[in-house]
2 protein chains.
Amino acid sequence: MSAGSNNNTETTTSRIDDASVTLEDVARLTGVSTITVSRAINYPEKVAAKTLEKVSRAIKQTGYVPNLLAGGLASRRSRLIAAIVPAINNQVYAETVQYFSNSLKAAGYQVLLGESGYPRQDEHTQLISAILGRRPDGLLLTGVNHSADCRRMLLGAKIPLVETWDLTPTPLDTVVGFSHEKTGKAVADYIISKGFQRVGIVTADDRRALVRQKALLNRLEAHGITGTLTSTVAPPTNLGLGRSGLKQLIGQGFHEGIVVCSSDTLANGVMTEARARGISIPEQIAVIGFGDQSFAADLYPALTTVRIDRPAIGKRAAELLLARIDGRAVEEPVIDVGFEIIERATS
Amino acid sequence: MSAGSNNNTETTTSRIDDASVTLEDVARLTGVSTITVSRAINYPEKVAAKTLEKVSRAIKQTGYVPNLLAGGLASRRSRLIAAIVPAINNQVYAETVQYFSNSLKAAGYQVLLGESGYPRQDEHTQLISAILGRRPDGLLLTGVNHSADCRRMLLGAKIPLVETWDLTPTPLDTVVGFSHEKTGKAVADYIISKGFQRVGIVTADDRRALVRQKALLNRLEAHGITGTLTSTVAPPTNLGLGRSGLKQLIGQGFHEGIVVCSSDTLANGVMTEARARGISIPEQIAVIGFGDQSFAADLYPALTTVRIDRPAIGKRAAELLLARIDGRAVEEPVIDVGFEIIERATS
DNA sequence: TCGACAAATGTTAGCGCTATCATTTAATTT
DNA sequence: AAATTAAATGATAGCGCTAACATTTGTCGA
């Protein structure tokens, strides 16, 4: 069954063949105790240089790979940090995770990725349970809304936590994100300042996106801009959904003004549909996206959007967890990375 | 340091406060031995219904979360399967991983994701070492080219392996992918059949992409199509790189014909640059992408591309590993998922 | 009613490592 | 040279669980 297993009945290889190399094997070969080898690996500064070198030689010779399950069990530190994101193949979260992961790698941690999807609540608790079973030393969550069951499990794990992509004055532990409400208001103010009278919205049916659009609507109405049309699409978003979003708005009678999209991908779809219909951007219809993904600046025309500092979210989240794990004080458990409206050619 | 820890000096909570719940706690509460609880969790069919119910109640009451580190150590099955991909935030690999992950979840496995990037060799061995330390029950690799050190480590782990996104008659263990050479030739044949005389290539500097383009070039030259211009860009690819790819081709004197791109993203960039320059697609310049990503069909004009069945790669890879893990026979360790040229409006 | 067998549960040992102390060896001081 | 301190190494126990075998309990036919 195993890769490369040798099934010769009269094999000439050593009897160690099937059992994997352990600390003890390395220790025996080096002529020291197991704990010394353990130290050589985990705390090299506590071992004499000469011993260290002998141990490394033995490790190389045997091809020893430390069993982190055993190490984690014994030390109660798994050196594993989990991250729960809505979708792995969502560029937006993937980038944050990448920066998160890289920051942690430098500190000797691996990231275990969990995908929550946009599922029912009980699936969430199952996922969290499966993840906590690996005894991670810390946990990154996406969003700040959790069911009571989830909250209980998360707090019960007694590990550092960081919620991301949103803000709350009362995080489970720490949080790094931005205010979706403020973002929505800022976009409204931008629209008002540019003098648009008619607004269309193409948004994913996603909790955080809906918060932004609601704040946007409120602010618009407060300034006398009414009759805003909305097309809601099911996540995960893609180009096609953006196209059908504009189709729907047009079907509802939207023919000029600005279309606000809950992601750059949707905005790209809206632009594509406009192009297919011979609608000029931004003259006839202006567009504003969300996220400032890598393609936004390179679209033609370049996309006006809301920039979120995704690398910062990942890095700051990693910093918070590492500080908590090391028992260092965290001066501010709530970090607002803010946002920025990037005006380009589509508006 | 821990989330939700209670630092009151005169706390009224029980002394269990800080130690996590173990099997033994559940066993004591239920009034059975630990092994019975273990069975109730892992082999419920081996436990009497009445006992099972008592155990579940105790688990719920205590909030017990099995320690998979301990379980994995004792059973020598981590229920963890690792996947090594070049980049997490590359849509193409992410989708495969997603299907891979979902197939495995159903069988009770979690996926540990490792990002190889496009790094130096020694970083690869470090990554593999870190991953093997978690004692995964199986491992998915991207690509079939590994350094001697990596091969040794991978085979030494004696776990089921599956290489993906490429094909080889001599896999380390199993492989599911497609032939990049055949793909390149097929694209050449398509171009020839359509009567194009001038060809431009925009390709990522990626091993597999380069294999395709080399096969393409050879076939083209064999059919008398010479003078093909190439622009090579550094991965990871994005829209901007596609735009600069076309810029470069034009700078080299490319003004009509077909542009072959090593990814749909690059193709999208090429189309964008063409649009910005007022070059009509496909009349003046035709475009063919690679991957048939979700946006390809929705671009305007819709993108001709090479479809790779990414879900199939993920699912078949999972099947192969599960079969190997369960000790079931694998009739064919080399699976070719093939490819398909999808002709749309850009060519 | 009693074996014969299956079903359910329990006892023991150990997975591979590290924390905690204990001990030895080396370096330094007086 | 003895005493003091620091550096290096070791012995022991146990992390929380499950495999393997052992035992008990229940079921059923003769």
# chains A, B, ... in the order shown; residues from 1 in each chain; ligands from 1
$ closest_atom_pairs --of "chain A" --to "chain B" --cutoff "7 Å" --atoms "only C-alpha atoms" --output "CSV"
residue,atom,partner,partner_atom,distance
A:Met1,CA,B:Gly327,CA,5.5
A:Ser2,CA,B:Lys158,CA,5.1
A:Ala3,CA,B:Lys158,CA,5.2
A:Gly4,CA,B:Leu155,CA,5.8
A:Ser5,CA,B:Lys158,CA,6.9
A:Val65,CA,B:Gly133,CA,5.8
A:Pro66,CA,B:Gly133,CA,5.5
A:Asn67,CA,B:Gly133,CA,4.9
A:Leu68,CA,B:Gly133,CA,5.2
A:Leu69,CA,B:Leu69,CA,4.9
A:Ala70,CA,B:Leu73,CA,6.1
A:Gly72,CA,B:Leu69,CA,7.0
A:Leu73,CA,B:Leu69,CA,6.0
A:Ile88,CA,B:Ala94,CA,6.4
A:Asn89,CA,B:Ala94,CA,5.0
A:Gln91,CA,B:Asn89,CA,5.7
A:Ala94,CA,B:Asn89,CA,4.9
A:Glu95,CA,B:Asn89,CA,6.0
A:Leu112,CA,B:Leu112,CA,5.6
A:Leu113,CA,B:Leu112,CA,6.8
A:Ser129,CA,B:Val65,CA,6.5
A:Gly133,CA,B:Asn67,CA,4.9
A:Arg134,CA,B:Leu68,CA,5.3
A:Arg135,CA,B:Asn67,CA,6.8
A:Leu155,CA,B:Gly4,CA,5.9
A:Lys158,CA,B:Ser2,CA,5.1
A:Ile159,CA,B:Ser2,CA,5.0
A:Pro160,CA,B:Ala3,CA,5.3
A:Leu161,CA,B:Ala3,CA,6.6
A:Asp173,CA,B:Ala3,CA,5.3
A:Asn238,CA,B:Phe295,CA,6.8
A:Leu239,CA,B:Phe295,CA,5.4
A:Gly240,CA,B:Asp298,CA,5.4
A:Thr272,CA,B:Tyr300,CA,6.2
A:Ala276,CA,B:Tyr300,CA,6.3
A:Phe295,CA,B:Leu239,CA,5.4
A:Asp298,CA,B:Gly240,CA,5.4
A:Leu299,CA,B:Thr272,CA,6.7
A:Tyr300,CA,B:Thr272,CA,6.2
A:Arg324,CA,B:Met1,CA,5.5
A:Ile325,CA,B:Met1,CA,6.8
A:Gly327,CA,B:Met1,CA,5.3
$ select_by_dssp --residues "stretch 98-266 of chain A" --states "strand (DSSP E or B)" --output "ChimeraX atom specification"
/A:110-115,138-142,161-164,174-177,199-204,229-233,257-261
$ write_last_selection --atoms "C-alpha atoms" --output "CSV table (one decimal), in the first residue's frame"
chain,number,residue,atom,x,y,z
A,110,GLN,CA,2.1,26.2,10.1
A,111,VAL,CA,-1.4,27.3,9.1
A,112,LEU,CA,-4.3,24.8,9.0
A,113,LEU,CA,-6.9,26.2,6.6
A,114,GLY,CA,-10.6,25.6,7.2
A,115,GLU,CA,-13.3,26.5,4.8
A,138,GLY,CA,-4.2,30.1,17.8
A,139,LEU,CA,-7.1,30.7,15.5
A,140,LEU,CA,-8.0,33.2,12.9
A,141,LEU,CA,-11.7,33.7,12.1
A,142,THR,CA,-13.4,35.6,9.3
A,161,LEU,CA,-8.2,34.2,18.7
A,162,VAL,CA,-8.3,36.9,16.1
A,163,GLU,CA,-11.4,37.9,14.2
A,164,THR,CA,-10.9,39.6,10.9
A,174,THR,CA,-8.8,40.3,19.4
A,175,VAL,CA,-10.0,41.7,16.1
A,176,VAL,CA,-8.4,43.3,13.0
A,177,GLY,CA,-10.6,44.7,10.3
A,199,VAL,CA,-27.6,54.7,-8.1
A,200,GLY,CA,-27.7,50.9,-8.8
A,201,ILE,CA,-26.3,48.3,-6.5
A,202,VAL,CA,-25.0,44.8,-7.4
A,203,THR,CA,-24.2,43.0,-4.2
A,204,ALA,CA,-23.4,39.5,-3.1
A,229,LEU,CA,-32.2,49.7,-7.5
A,230,THR,CA,-30.5,46.6,-6.1
A,231,SER,CA,-29.5,43.3,-7.6
A,232,THR,CA,-28.5,40.7,-5.1
A,233,VAL,CA,-26.5,37.7,-6.3
A,257,GLY,CA,-25.9,56.8,-13.0
A,258,ILE,CA,-23.4,54.8,-11.0
A,259,VAL,CA,-23.4,51.1,-10.1
A,260,VAL,CA,-21.9,50.2,-6.7
A,261,CYS,CA,-20.6,46.6,-6.6
$ residues_around --residues "C:DC2" --least-positions-apart "2" --cutoff "12 Å" --atoms "only C-alpha atoms (C1' of nucleotides)" --output "list of chain:residue names"
C:DA4, D:DC28, D:DG29, D:DA30
$ write_last_selection --atoms "C-alpha atoms (C1' of nucleotides)" --output "short mmCIF file (atom, residue, chain, number, x, y, z; two decimals), in the first residue's frame"
data_model
loop_
_atom_site.label_atom_id
_atom_site.label_comp_id
_atom_site.auth_asym_id
_atom_site.auth_seq_id
_atom_site.Cartn_x
_atom_site.Cartn_y
_atom_site.Cartn_z
"C1'" DA C 4 -21.42 -22.22 22.85
"C1'" DC D 28 -29.85 -18.73 21.84
"C1'" DG D 29 -30.35 -23.52 20.68
"C1'" DA D 30 -30.41 -28.25 22.35
#
$ interface_residues --of "chain D" --to "chain A" --cutoff "7 Å" --atoms "only C-alpha atoms (C1' of nucleotides)" --output "list of chain:residue names"
D:DA8, D:DT9, D:DG10, D:DC15
$ interface_residues --of "chain C" --to "chain A" --cutoff "10 Å" --atoms "only C-alpha atoms (C1' of nucleotides)" --output "PDB file with N, CA and C atoms (P, O5', C5', C4', C3', O3' and C1' of nucleotides), in the first residue's frame"
ATOM      1  P    DC C  15       6.229   2.177  21.735  1.00  0.00           P
ATOM      2  O5'  DC C  15       5.751   3.123  20.555  1.00  0.00           O
ATOM      3  C5'  DC C  15       4.682   2.757  19.689  1.00  0.00           C
ATOM      4  C4'  DC C  15       3.907   4.000  19.321  1.00  0.00           C
ATOM      5  C3'  DC C  15       4.779   5.239  19.207  1.00  0.00           C
ATOM      6  O3'  DC C  15       5.146   5.400  17.842  1.00  0.00           O
ATOM      7  C1'  DC C  15       2.737   5.681  20.431  1.00  0.00           C
ATOM      8  P    DG C  16       6.719   5.347  17.436  1.00  0.00           P
ATOM      9  O5'  DG C  16       7.218   6.800  17.848  1.00  0.00           O
ATOM     10  C5'  DG C  16       6.647   7.913  17.206  1.00  0.00           C
ATOM     11  C4'  DG C  16       6.964   9.141  18.016  1.00  0.00           C
ATOM     12  C3'  DG C  16       8.465   9.375  18.252  1.00  0.00           C
ATOM     13  O3'  DG C  16       8.751  10.677  17.797  1.00  0.00           O
ATOM     14  C1'  DG C  16       7.251   9.588  20.257  1.00  0.00           C
ATOM     15  P    DC C  17      10.159  11.338  17.866  1.00  0.00           P
ATOM     16  O5'  DC C  17       9.970  12.379  19.055  1.00  0.00           O
ATOM     17  C5'  DC C  17       9.129  13.493  18.847  1.00  0.00           C
ATOM     18  C4'  DC C  17       8.552  13.956  20.160  1.00  0.00           C
ATOM     19  C3'  DC C  17       9.508  14.754  21.036  1.00  0.00           C
ATOM     20  O3'  DC C  17       9.384  16.130  20.680  1.00  0.00           O
ATOM     21  C1'  DC C  17       8.097  13.268  22.303  1.00  0.00           C
ATOM     22  P    DT C  18      10.411  17.179  21.236  1.00  0.00           P
ATOM     23  O5'  DT C  18       9.841  17.501  22.694  1.00  0.00           O
ATOM     24  C5'  DT C  18       8.587  18.139  22.815  1.00  0.00           C
ATOM     25  C4'  DT C  18       8.275  18.339  24.287  1.00  0.00           C
ATOM     26  C3'  DT C  18       9.260  19.229  25.041  1.00  0.00           C
ATOM     27  O3'  DT C  18       8.492  19.954  25.996  1.00  0.00           O
ATOM     28  C1'  DT C  18       9.179  17.130  26.074  1.00  0.00           C
ATOM     29  P    DA C  19       9.017  21.337  26.544  1.00  0.00           P
ATOM     30  O5'  DA C  19       8.595  21.259  28.081  1.00  0.00           O
ATOM     31  C5'  DA C  19       7.268  20.872  28.422  1.00  0.00           C
ATOM     32  C4'  DA C  19       7.174  20.563  29.898  1.00  0.00           C
ATOM     33  C3'  DA C  19       7.953  21.493  30.817  1.00  0.00           C
ATOM     34  O3'  DA C  19       7.197  21.692  32.008  1.00  0.00           O
ATOM     35  C1'  DA C  19       8.802  19.272  31.019  1.00  0.00           C
TER      36       DA C  19
END
$ atom_distance --atom1 "atom CA of A:Leu29" --atom2 "atom CA of A:Val55"
8.5 Å
$ atom_distance --atom1 "atom CA of A:Glu332" --atom2 "atom CA of A:Pro311"
19.0 Å
$ select_by_dssp --residues "stretch 147-219 of chain B" --states "alpha helix (DSSP H)" --output "JSON, numbers by chain"
{"B": [148, 149, 150, 151, 152, 153, 154, 155, 156, 180, 181, 182, 183, 184, 185, 186, 187, 188, 189, 190, 191, 192, 193, 207, 208, 209, 210, 211, 212, 213, 214, 215, 216, 217, 218, 219]}
$ closest_residue --among "A:Val37, A:Ile288, A:Ile84, A:Leu246" --to "A:Val270" --atoms "only C-alpha atoms"
A:Leu246
$ atom_distance --atom1 "atom CA of B:Gln252" --atom2 "atom CA of B:Ile285"
14.8 Å
$ residues_around --residues "B:Val187" --least-positions-apart "5" --cutoff "9 Å" --atoms "only C-alpha atoms (C1' of nucleotides)" --output "VMD selection string"
chain B and resid 182 192 216 260 288 306 341
$ write_last_selection --atoms "N, CA and C atoms" --output "tab-separated table (two decimals), in the first residue's frame"
chain	number	residue	atom	x	y	z
B	182	LYS	N	1.05	17.28	-25.24
B	182	LYS	CA	-0.10	17.06	-26.13
B	182	LYS	C	-0.94	18.32	-26.24
B	192	ILE	N	-3.25	26.00	-36.74
B	192	ILE	CA	-3.00	25.67	-38.15
B	192	ILE	C	-4.32	25.48	-38.89
B	216	LEU	N	4.20	23.56	-28.68
B	216	LEU	CA	3.46	24.39	-29.64
B	216	LEU	C	4.39	24.89	-30.73
B	260	VAL	N	-1.30	33.23	-28.09
B	260	VAL	CA	-1.53	32.09	-27.22
B	260	VAL	C	-1.05	32.46	-25.82
B	288	ILE	N	-6.18	32.98	-27.49
B	288	ILE	CA	-6.56	31.71	-26.88
B	288	ILE	C	-5.91	31.61	-25.50
B	306	VAL	N	-8.36	26.42	-23.42
B	306	VAL	CA	-8.18	24.98	-23.26
B	306	VAL	C	-8.78	24.60	-21.92
B	341	ILE	N	-10.23	21.73	-26.22
B	341	ILE	CA	-10.17	23.11	-26.71
B	341	ILE	C	-11.60	23.62	-26.86
